[in-house]
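structure.csv follows (CSV, N, CA and C atoms):
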chain,number,residue,atom,x,y,z
A,230,MET,N,8.3,-5.1,-20.2
A,230,MET,CA,9.0,-4.8,-19.0
A,230,MET,C,9.6,-6.0,-18.4
A,231,ASN,N,10.9,-6.0,-18.1
A,231,ASN,CA,11.5,-7.2,-17.5
A,231,ASN,C,11.3,-7.2,-16.0
A,232,LEU,N,11.7,-8.3,-15.4
A,232,LEU,CA,11.5,-8.4,-13.9
A,232,LEU,C,12.2,-7.4,-13.1
A,233,GLN,N,13.4,-7.0,-13.5
A,233,GLN,CA,14.2,-6.1,-12.8
A,233,GLN,C,13.6,-4.7,-12.8
A,234,GLN,N,13.1,-4.3,-13.9
A,234,GLN,CA,12.4,-3.0,-14.1
A,234,GLN,C,11.1,-3.0,-13.3
A,235,MET,N,10.3,-4.1,-13.3
A,235,MET,CA,9.1,-4.1,-12.6
A,235,MET,C,9.3,-4.1,-11.1
A,236,ARG,N,10.3,-4.8,-10.6
A,236,ARG,CA,10.6,-4.8,-9.2
A,236,ARG,C,11.1,-3.4,-8.8
A,237,ARG,N,11.9,-2.7,-9.6
A,237,ARG,CA,12.4,-1.4,-9.2
A,237,ARG,C,11.3,-0.4,-9.2
A,238,ASN,N,10.4,-0.5,-10.1
A,238,ASN,CA,9.2,0.4,-10.1
A,238,ASN,C,8.3,0.2,-8.9
A,239,GLN,N,8.1,-1.1,-8.5
A,239,GLN,CA,7.2,-1.4,-7.4
A,239,GLN,C,7.9,-1.0,-6.1
A,240,LEU,N,9.2,-1.1,-6.0
A,240,LEU,CA,9.9,-0.7,-4.8
A,240,LEU,C,9.9,0.8,-4.6
A,241,LEU,N,10.0,1.6,-5.7
A,241,LEU,CA,9.9,3.0,-5.7
A,241,LEU,C,8.5,3.4,-5.3
A,242,ILE,N,7.5,2.8,-5.8
A,242,ILE,CA,6.1,3.1,-5.5
A,242,ILE,C,5.9,2.8,-4.0
A,243,ALA,N,6.3,1.7,-3.6
A,243,ALA,CA,6.1,1.3,-2.2
A,243,ALA,C,6.8,2.2,-1.2
A,244,ALA,N,8.1,2.6,-1.5
A,244,ALA,CA,8.8,3.5,-0.7
A,244,ALA,C,8.2,4.9,-0.6
A,245,LEU,N,7.8,5.5,-1.7
A,245,LEU,CA,7.2,6.8,-1.7
A,245,LEU,C,5.9,6.8,-1.0
A,246,SER,N,5.1,5.7,-1.3
A,246,SER,CA,3.7,5.6,-0.7
A,246,SER,C,3.9,5.4,0.8
A,247,SER,N,4.8,4.7,1.2
A,247,SER,CA,5.0,4.4,2.7
A,247,SER,C,5.4,5.7,3.4
A,248,LEU,N,6.3,6.5,2.7
A,248,LEU,CA,6.6,7.8,3.3
A,248,LEU,C,5.4,8.8,3.4
A,249,LEU,N,4.6,8.8,2.4
A,249,LEU,CA,3.4,9.7,2.4
A,249,LEU,C,2.4,9.2,3.4
A,250,ILE,N,2.2,7.9,3.5
A,250,ILE,CA,1.2,7.4,4.5
A,250,ILE,C,1.7,7.6,5.9
A,251,ALA,N,3.0,7.4,6.1
A,251,ALA,CA,3.6,7.7,7.4
A,251,ALA,C,3.4,9.1,7.8
A,252,SER,N,3.6,10.0,6.9
A,252,SER,CA,3.4,11.5,7.2
A,252,SER,C,1.9,11.7,7.5
A,253,LEU,N,1.0,11.1,6.8
A,253,LEU,CA,-0.4,11.3,7.1
A,253,LEU,C,-0.7,10.7,8.5
A,254,TRP,N,-0.1,9.6,8.8
A,254,TRP,CA,-0.3,9.0,10.1
A,254,TRP,C,0.2,9.9,11.2
A,255,TRP,N,1.4,10.5,11.0
A,255,TRP,CA,2.0,11.4,12.0
A,255,TRP,C,1.2,12.7,12.1
A,256,ILE,N,0.8,13.3,11.0
A,256,ILE,CA,0.1,14.6,11.0
A,256,ILE,C,-1.3,14.5,11.5
A,257,GLY,N,-2.0,13.4,11.0
A,257,GLY,CA,-3.5,13.3,11.2
A,257,GLY,C,-3.9,13.1,12.6
A,258,ASP,N,-5.1,13.6,12.8
A,258,ASP,CA,-5.8,13.3,14.1
A,258,ASP,C,-6.9,12.3,13.7
A,259,LEU,N,-6.6,11.0,13.8
A,259,LEU,CA,-7.4,10.0,13.3
A,259,LEU,C,-8.1,9.2,14.4
A,260,PRO,N,-9.2,8.5,14.1
A,260,PRO,CA,-9.8,7.6,15.0
A,260,PRO,C,-8.8,6.5,15.3
A,261,GLU,N,-9.0,5.9,16.5
A,261,GLU,CA,-8.0,4.9,16.9
A,261,GLU,C,-7.9,3.7,16.0
A,262,VAL,N,-8.9,3.3,15.3
A,262,VAL,CA,-8.9,2.2,14.4
A,262,VAL,C,-8.0,2.4,13.2
A,263,MET,N,-7.9,3.7,12.8
A,263,MET,CA,-7.1,4.0,11.6
A,263,MET,C,-5.6,3.9,12.0
A,264,TYR,N,-5.3,4.2,13.3
A,264,TYR,CA,-3.9,4.0,13.7
A,264,TYR,C,-3.4,2.6,13.6
A,265,TYR,N,-4.3,1.6,13.8
A,265,TYR,CA,-4.0,0.2,13.6
A,265,TYR,C,-4.0,-0.2,12.2
A,266,LEU,N,-4.8,0.5,11.4
A,266,LEU,CA,-5.0,0.1,10.0
A,266,LEU,C,-3.8,0.5,9.1
A,267,LEU,N,-3.3,1.7,9.4
A,267,LEU,CA,-2.2,2.2,8.5
A,267,LEU,C,-0.9,1.4,8.5
A,268,PRO,N,-0.5,0.8,9.6
A,268,PRO,CA,0.7,-0.1,9.5
A,268,PRO,C,0.4,-1.3,8.6
A,269,LEU,N,-0.8,-1.8,8.6
A,269,LEU,CA,-1.1,-2.9,7.7
A,269,LEU,C,-1.1,-2.4,6.3
A,270,VAL,N,-1.6,-1.2,6.0
A,270,VAL,CA,-1.6,-0.7,4.7
A,270,VAL,C,-0.2,-0.5,4.2
A,271,ILE,N,0.7,0.0,5.0
A,271,ILE,CA,2.1,0.2,4.6
A,271,ILE,C,2.7,-1.2,4.3
A,272,PHE,N,2.5,-2.1,5.2
A,272,PHE,CA,3.0,-3.5,4.9
A,272,PHE,C,2.5,-4.1,3.6
A,273,SER,N,1.2,-3.9,3.4
A,273,SER,CA,0.6,-4.5,2.1
A,273,SER,C,1.2,-3.8,0.9
A,274,LEU,N,1.7,-2.6,1.0
A,274,LEU,CA,2.3,-1.9,-0.2
A,274,LEU,C,3.6,-2.6,-0.6
A,275,TRP,N,4.2,-3.3,0.3
A,275,TRP,CA,5.5,-4.0,0.0
A,275,TRP,C,5.3,-5.4,-0.5
A,276,ILE,N,4.1,-6.0,-0.4
A,276,ILE,CA,3.9,-7.3,-0.9
A,276,ILE,C,4.1,-7.5,-2.4
A,277,PRO,N,3.5,-6.6,-3.2
A,277,PRO,CA,3.7,-6.8,-4.7
A,277,PRO,C,5.2,-6.6,-5.1
A,278,ALA,N,5.9,-5.7,-4.4
A,278,ALA,CA,7.4,-5.6,-4.7
A,278,ALA,C,8.1,-6.8,-4.4
A,279,ILE,N,7.8,-7.4,-3.2
A,279,ILE,CA,8.5,-8.7,-2.8
A,279,ILE,C,8.1,-9.8,-3.7
A,280,MET,N,6.9,-9.9,-4.2
A,280,MET,CA,6.4,-11.0,-5.0
A,280,MET,C,6.4,-10.7,-6.5
A,281,ALA,N,7.2,-9.8,-7.0
A,281,ALA,CA,7.2,-9.4,-8.4
A,281,ALA,C,7.4,-10.6,-9.3
A,282,HIS,N,8.2,-11.6,-8.9
A,282,HIS,CA,8.4,-12.8,-9.7
A,282,HIS,C,7.2,-13.6,-9.9
A,283,LYS,N,6.3,-13.6,-8.9
A,283,LYS,CA,5.0,-14.3,-9.0
A,283,LYS,C,4.0,-13.6,-9.9
A,284,GLN,N,4.1,-12.2,-9.9
A,284,GLN,CA,3.2,-11.5,-10.8
A,284,GLN,C,3.6,-11.7,-12.2
A,285,ARG,N,4.8,-11.9,-12.5
A,285,ARG,CA,5.2,-12.1,-13.9
A,285,ARG,C,4.8,-13.4,-14.5
A,286,GLU,N,4.6,-14.4,-13.6
A,286,GLU,CA,4.1,-15.7,-14.1
A,286,GLU,C,2.7,-15.6,-14.6
A,287,GLY,N,1.9,-14.6,-14.1
A,287,GLY,CA,0.6,-14.4,-14.7
A,287,GLY,C,-0.6,-15.3,-14.1
A,288,SER,N,-0.4,-15.8,-12.9
A,288,SER,CA,-1.5,-16.6,-12.4
A,288,SER,C,-2.7,-15.8,-12.1
A,289,ILE,N,-3.9,-16.3,-12.5
A,289,ILE,CA,-5.1,-15.6,-12.3
A,289,ILE,C,-5.4,-15.3,-10.8
A,290,ALA,N,-5.1,-16.3,-10.0
A,290,ALA,CA,-5.4,-16.2,-8.5
A,290,ALA,C,-4.5,-15.1,-7.9
A,291,LEU,N,-3.3,-15.1,-8.3
A,291,LEU,CA,-2.4,-14.0,-7.7
A,291,LEU,C,-2.7,-12.6,-8.3
A,292,ASN,N,-3.1,-12.6,-9.5
A,292,ASN,CA,-3.6,-11.3,-10.1
A,292,ASN,C,-4.8,-10.8,-9.4
A,293,VAL,N,-5.7,-11.6,-9.1
A,293,VAL,CA,-6.9,-11.2,-8.4
A,293,VAL,C,-6.6,-10.8,-7.0
A,294,PHE,N,-5.6,-11.5,-6.3
A,294,PHE,CA,-5.2,-11.1,-5.0
A,294,PHE,C,-4.6,-9.7,-5.0
A,295,PHE,N,-3.7,-9.4,-6.0
A,295,PHE,CA,-3.1,-8.1,-6.1
A,295,PHE,C,-4.1,-7.0,-6.4
A,296,ILE,N,-5.1,-7.3,-7.2
A,296,ILE,CA,-6.1,-6.3,-7.5
A,296,ILE,C,-6.9,-6.0,-6.2
A,297,VAL,N,-7.3,-7.0,-5.5
A,297,VAL,CA,-8.1,-6.8,-4.3
A,297,VAL,C,-7.2,-6.1,-3.2
A,298,LEU,N,-6.0,-6.5,-3.1
A,298,LEU,CA,-5.0,-5.8,-2.2
A,298,LEU,C,-4.9,-4.3,-2.6
A,299,GLY,N,-4.8,-4.0,-3.9
A,299,GLY,CA,-4.7,-2.6,-4.3
A,299,GLY,C,-5.9,-1.8,-4.0
A,300,ILE,N,-7.1,-2.4,-4.3
A,300,ILE,CA,-8.3,-1.7,-4.0
A,300,ILE,C,-8.5,-1.5,-2.5
A,301,THR,N,-8.1,-2.4,-1.7
A,301,THR,CA,-8.1,-2.2,-0.2
A,301,THR,C,-7.2,-1.1,0.2
A,302,VAL,N,-6.0,-1.1,-0.3
A,302,VAL,CA,-5.1,0.0,0.1
A,302,VAL,C,-5.6,1.3,-0.3
A,303,ILE,N,-6.1,1.5,-1.5
A,303,ILE,CA,-6.6,2.7,-2.0
A,303,ILE,C,-7.8,3.2,-1.2
A,304,THR,N,-8.7,2.2,-0.8
A,304,THR,CA,-9.8,2.6,0.0
A,304,THR,C,-9.4,3.1,1.4
A,305,ALA,N,-8.4,2.4,2.0
A,305,ALA,CA,-7.9,2.9,3.3
A,305,ALA,C,-7.3,4.2,3.3
A,306,ILE,N,-6.5,4.5,2.2
A,306,ILE,CA,-5.9,5.8,2.1
A,306,ILE,C,-6.9,6.9,1.8
A,307,VAL,N,-7.9,6.7,1.0
A,307,VAL,CA,-8.9,7.7,0.7
A,307,VAL,C,-9.7,7.9,2.0
A,308,ARG,N,-10.0,6.9,2.8
A,308,ARG,CA,-10.7,7.1,4.0
A,308,ARG,C,-9.9,7.9,5.0
A,309,THR,N,-8.6,7.6,5.1
A,309,THR,CA,-7.7,8.4,6.0
A,309,THR,C,-7.6,9.8,5.6
A,310,VAL,N,-7.5,10.1,4.3
A,310,VAL,CA,-7.4,11.5,3.9
A,310,VAL,C,-8.7,12.2,4.1
A,311,TRP,N,-9.8,11.5,3.9
A,311,TRP,CA,-11.1,12.1,4.2
A,311,TRP,C,-11.3,12.4,5.6
A,312,LEU,N,-10.9,11.5,6.5
A,312,LEU,CA,-11.0,11.8,7.9
A,312,LEU,C,-10.1,13.0,8.4
A,313,ILE,N,-9.0,13.1,7.8
A,313,ILE,CA,-8.1,14.2,8.2
A,313,ILE,C,-8.7,15.5,7.6
A,314,GLY,N,-9.2,15.5,6.4
A,314,GLY,CA,-9.8,16.7,5.8
A,314,GLY,C,-11.1,17.1,6.5
A,315,ARG,N,-11.8,16.2,7.1
A,315,ARG,CA,-13.1,16.5,7.7
A,315,ARG,C,-12.9,17.4,9.0
A,316,ASP,N,-11.8,17.3,9.6
A,316,ASP,CA,-11.6,18.0,10.9
A,316,ASP,C,-11.3,19.5,10.7
Same coordinates, now as structure tokens:
Amino acid sequence: MNLQQMRRNQLLIAALSSLLIASLWWIGDLPEVMYYLLPLVIFSLWIPAIMAHKQREGSIALNVFFIVLGITVITAIVRTVWLIGRD
């Protein structure tokens, strides 16, 4: 996969995920902390798309950073959905 395809895929994923998270944020009755967390999650979705050229270089430190960032985003989204579904 070349850099252009990788960046396009990451931009699509970030855009769709941002829309879905924004709709969860708008629909959900969440604790106050989650309202502060979701904008950070939306922002962090765009970091890999912006830094696609760095991902392609294959640095171990950057790959670990992106893995940790992805796990954090997934954890926050699962927690948000769980809180909305609990009510």
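Taking CA of Trp255 in chain A and CA of Arg237 in chain A as the two end points, the separation is 26.9 Å.
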- Task: May I ask which of the residues A:Val262, A:Ile313, A:Val270, A:Met235 is the closest one to Ile250 in chain A, counting only C-alpha atoms?
- Result: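 So, comparing all the options, the nearest one is A:Val270.
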- Message: Report, in Å to a single decimal, how far apart CA of Asn292 in chain A and CA of Val310 in chain A are.
- Response: 27.0 Å
- Which polymer residues have any atom within 12 Å of an atom of Phe295 in chain A, counting only C-alpha atoms, with same-chain residues fewer than 2 positions away left out, as number ranges by chain? A: 273-278, 280-281, 283-284, 287-293, 297-302
- Item | Two-atom distance - atom N of Leu249 in chain A, atom C of Leu269 in chain A (Å) |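 So the answer is 13.2 Å.
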- Query: What lies within 8 Å of Gly314 in chain A using all atoms listed in the file, ignoring chain neighbours under 5 positions off, as a ChimeraX atom specification?
  - Reply: /A:257-258,308-309
- Task: Have a look at A:Tyr265, A:Ile271, A:Arg315, A:Val307 and name the one nearest to Ser247 in chain A; count only N, CA and C atoms.
- Result: A:Ile271
- Query: Near Ala251 in chain A, counting only C-alpha atoms, which residues have an atom at most 9 Å away, once you skip same-chain residues fewer than 5 positions from it, shown as a ChimeraX atom specification?
  - Reply: /A:246,256,267-268,271
Written-out range 257-294 of chain A (N, CA and C atoms) as a short mmCIF file (atom, residue, chain, number, x, y, z; two decimals), in the first residue's frame:
data_model
loop_
_atom_site.label_atom_id
_atom_site.label_comp_id
_atom_site.auth_asym_id
_atom_site.auth_seq_id
_atom_site.Cartn_x
_atom_site.Cartn_y
_atom_site.Cartn_z
N GLY A 257 -26.09 10.74 23.64
CA GLY A 257 -25.90 10.12 24.94
C GLY A 257 -26.08 11.03 26.13
N ASP A 258 -26.52 10.41 27.20
CA ASP A 258 -26.59 11.07 28.49
C ASP A 258 -25.42 10.55 29.30
N LEU A 259 -24.29 11.25 29.19
CA LEU A 259 -23.03 10.76 29.74
C LEU A 259 -22.63 11.52 30.98
N PRO A 260 -21.76 10.90 31.80
CA PRO A 260 -21.17 11.67 32.90
C PRO A 260 -20.34 12.83 32.34
N GLU A 261 -20.16 13.82 33.15
CA GLU A 261 -19.48 15.04 32.69
C GLU A 261 -18.06 14.78 32.18
N VAL A 262 -17.38 13.84 32.78
CA VAL A 262 -16.01 13.54 32.36
C VAL A 262 -15.97 13.07 30.92
N MET A 263 -16.96 12.29 30.50
CA MET A 263 -16.98 11.78 29.14
C MET A 263 -17.18 12.90 28.12
N TYR A 264 -17.87 13.94 28.50
CA TYR A 264 -18.04 15.06 27.57
C TYR A 264 -16.71 15.77 27.31
N TYR A 265 -15.79 15.71 28.25
CA TYR A 265 -14.46 16.27 28.04
C TYR A 265 -13.54 15.30 27.33
N LEU A 266 -13.81 14.01 27.49
CA LEU A 266 -12.96 12.98 26.90
C LEU A 266 -13.21 12.81 25.40
N LEU A 267 -14.46 12.88 24.98
CA LEU A 267 -14.78 12.60 23.58
C LEU A 267 -14.14 13.57 22.59
N PRO A 268 -14.03 14.87 22.86
CA PRO A 268 -13.30 15.72 21.90
C PRO A 268 -11.83 15.30 21.76
N LEU A 269 -11.22 14.86 22.85
CA LEU A 269 -9.83 14.38 22.76
C LEU A 269 -9.75 13.10 21.93
N VAL A 270 -10.76 12.23 22.07
CA VAL A 270 -10.79 11.01 21.27
C VAL A 270 -10.94 11.35 19.79
N ILE A 271 -11.83 12.28 19.48
CA ILE A 271 -12.02 12.69 18.08
C ILE A 271 -10.73 13.28 17.53
N PHE A 272 -10.06 14.12 18.30
CA PHE A 272 -8.79 14.70 17.86
C PHE A 272 -7.74 13.62 17.64
N SER A 273 -7.68 12.65 18.55
CA SER A 273 -6.66 11.61 18.43
C SER A 273 -6.91 10.69 17.24
N LEU A 274 -8.13 10.62 16.73
CA LEU A 274 -8.39 9.83 15.53
C LEU A 274 -7.71 10.43 14.30
N TRP A 275 -7.50 11.72 14.32
CA TRP A 275 -6.92 12.39 13.15
C TRP A 275 -5.39 12.37 13.17
N ILE A 276 -4.77 12.05 14.29
CA ILE A 276 -3.31 12.04 14.38
C ILE A 276 -2.67 11.04 13.41
N PRO A 277 -3.13 9.76 13.36
CA PRO A 277 -2.51 8.85 12.38
C PRO A 277 -2.68 9.29 10.93
N ALA A 278 -3.80 9.90 10.60
CA ALA A 278 -4.00 10.35 9.23
C ALA A 278 -3.05 11.49 8.88
N ILE A 279 -2.81 12.36 9.85
CA ILE A 279 -1.91 13.48 9.62
C ILE A 279 -0.46 13.00 9.55
N MET A 280 -0.13 11.99 10.33
CA MET A 280 1.25 11.51 10.40
C MET A 280 1.48 10.22 9.61
N ALA A 281 0.78 10.04 8.52
CA ALA A 281 0.90 8.81 7.73
C ALA A 281 2.32 8.62 7.19
N HIS A 282 2.99 9.70 6.84
CA HIS A 282 4.36 9.59 6.33
C HIS A 282 5.32 9.06 7.39
N LYS A 283 5.06 9.38 8.67
CA LYS A 283 5.90 8.86 9.75
C LYS A 283 5.64 7.38 9.98
N GLN A 284 4.38 6.95 9.83
CA GLN A 284 4.05 5.54 10.00
C GLN A 284 4.75 4.69 8.96
N ARG A 285 4.88 5.21 7.78
CA ARG A 285 5.48 4.45 6.68
C ARG A 285 6.97 4.22 6.92
N GLU A 286 7.61 5.12 7.66
CA GLU A 286 9.04 4.95 7.94
C GLU A 286 9.29 3.74 8.82
N GLY A 287 8.32 3.36 9.65
CA GLY A 287 8.43 2.13 10.42
C GLY A 287 9.19 2.26 11.72
N SER A 288 9.27 3.43 12.30
CA SER A 288 9.95 3.61 13.57
C SER A 288 9.20 2.84 14.67
N ILE A 289 9.94 2.10 15.47
CA ILE A 289 9.33 1.32 16.55
C ILE A 289 8.63 2.23 17.56
N ALA A 290 9.23 3.34 17.91
CA ALA A 290 8.64 4.25 18.90
C ALA A 290 7.31 4.82 18.38
N LEU A 291 7.26 5.20 17.13
CA LEU A 291 6.01 5.73 16.57
C LEU A 291 4.95 4.64 16.45
N ASN A 292 5.36 3.43 16.09
CA ASN A 292 4.40 2.34 16.00
C ASN A 292 3.81 2.02 17.37
N VAL A 293 4.63 2.04 18.40
CA VAL A 293 4.13 1.81 19.76
C VAL A 293 3.19 2.95 20.16
N PHE A 294 3.54 4.18 19.81
CA PHE A 294 2.67 5.32 20.11
C PHE A 294 1.31 5.16 19.45
#
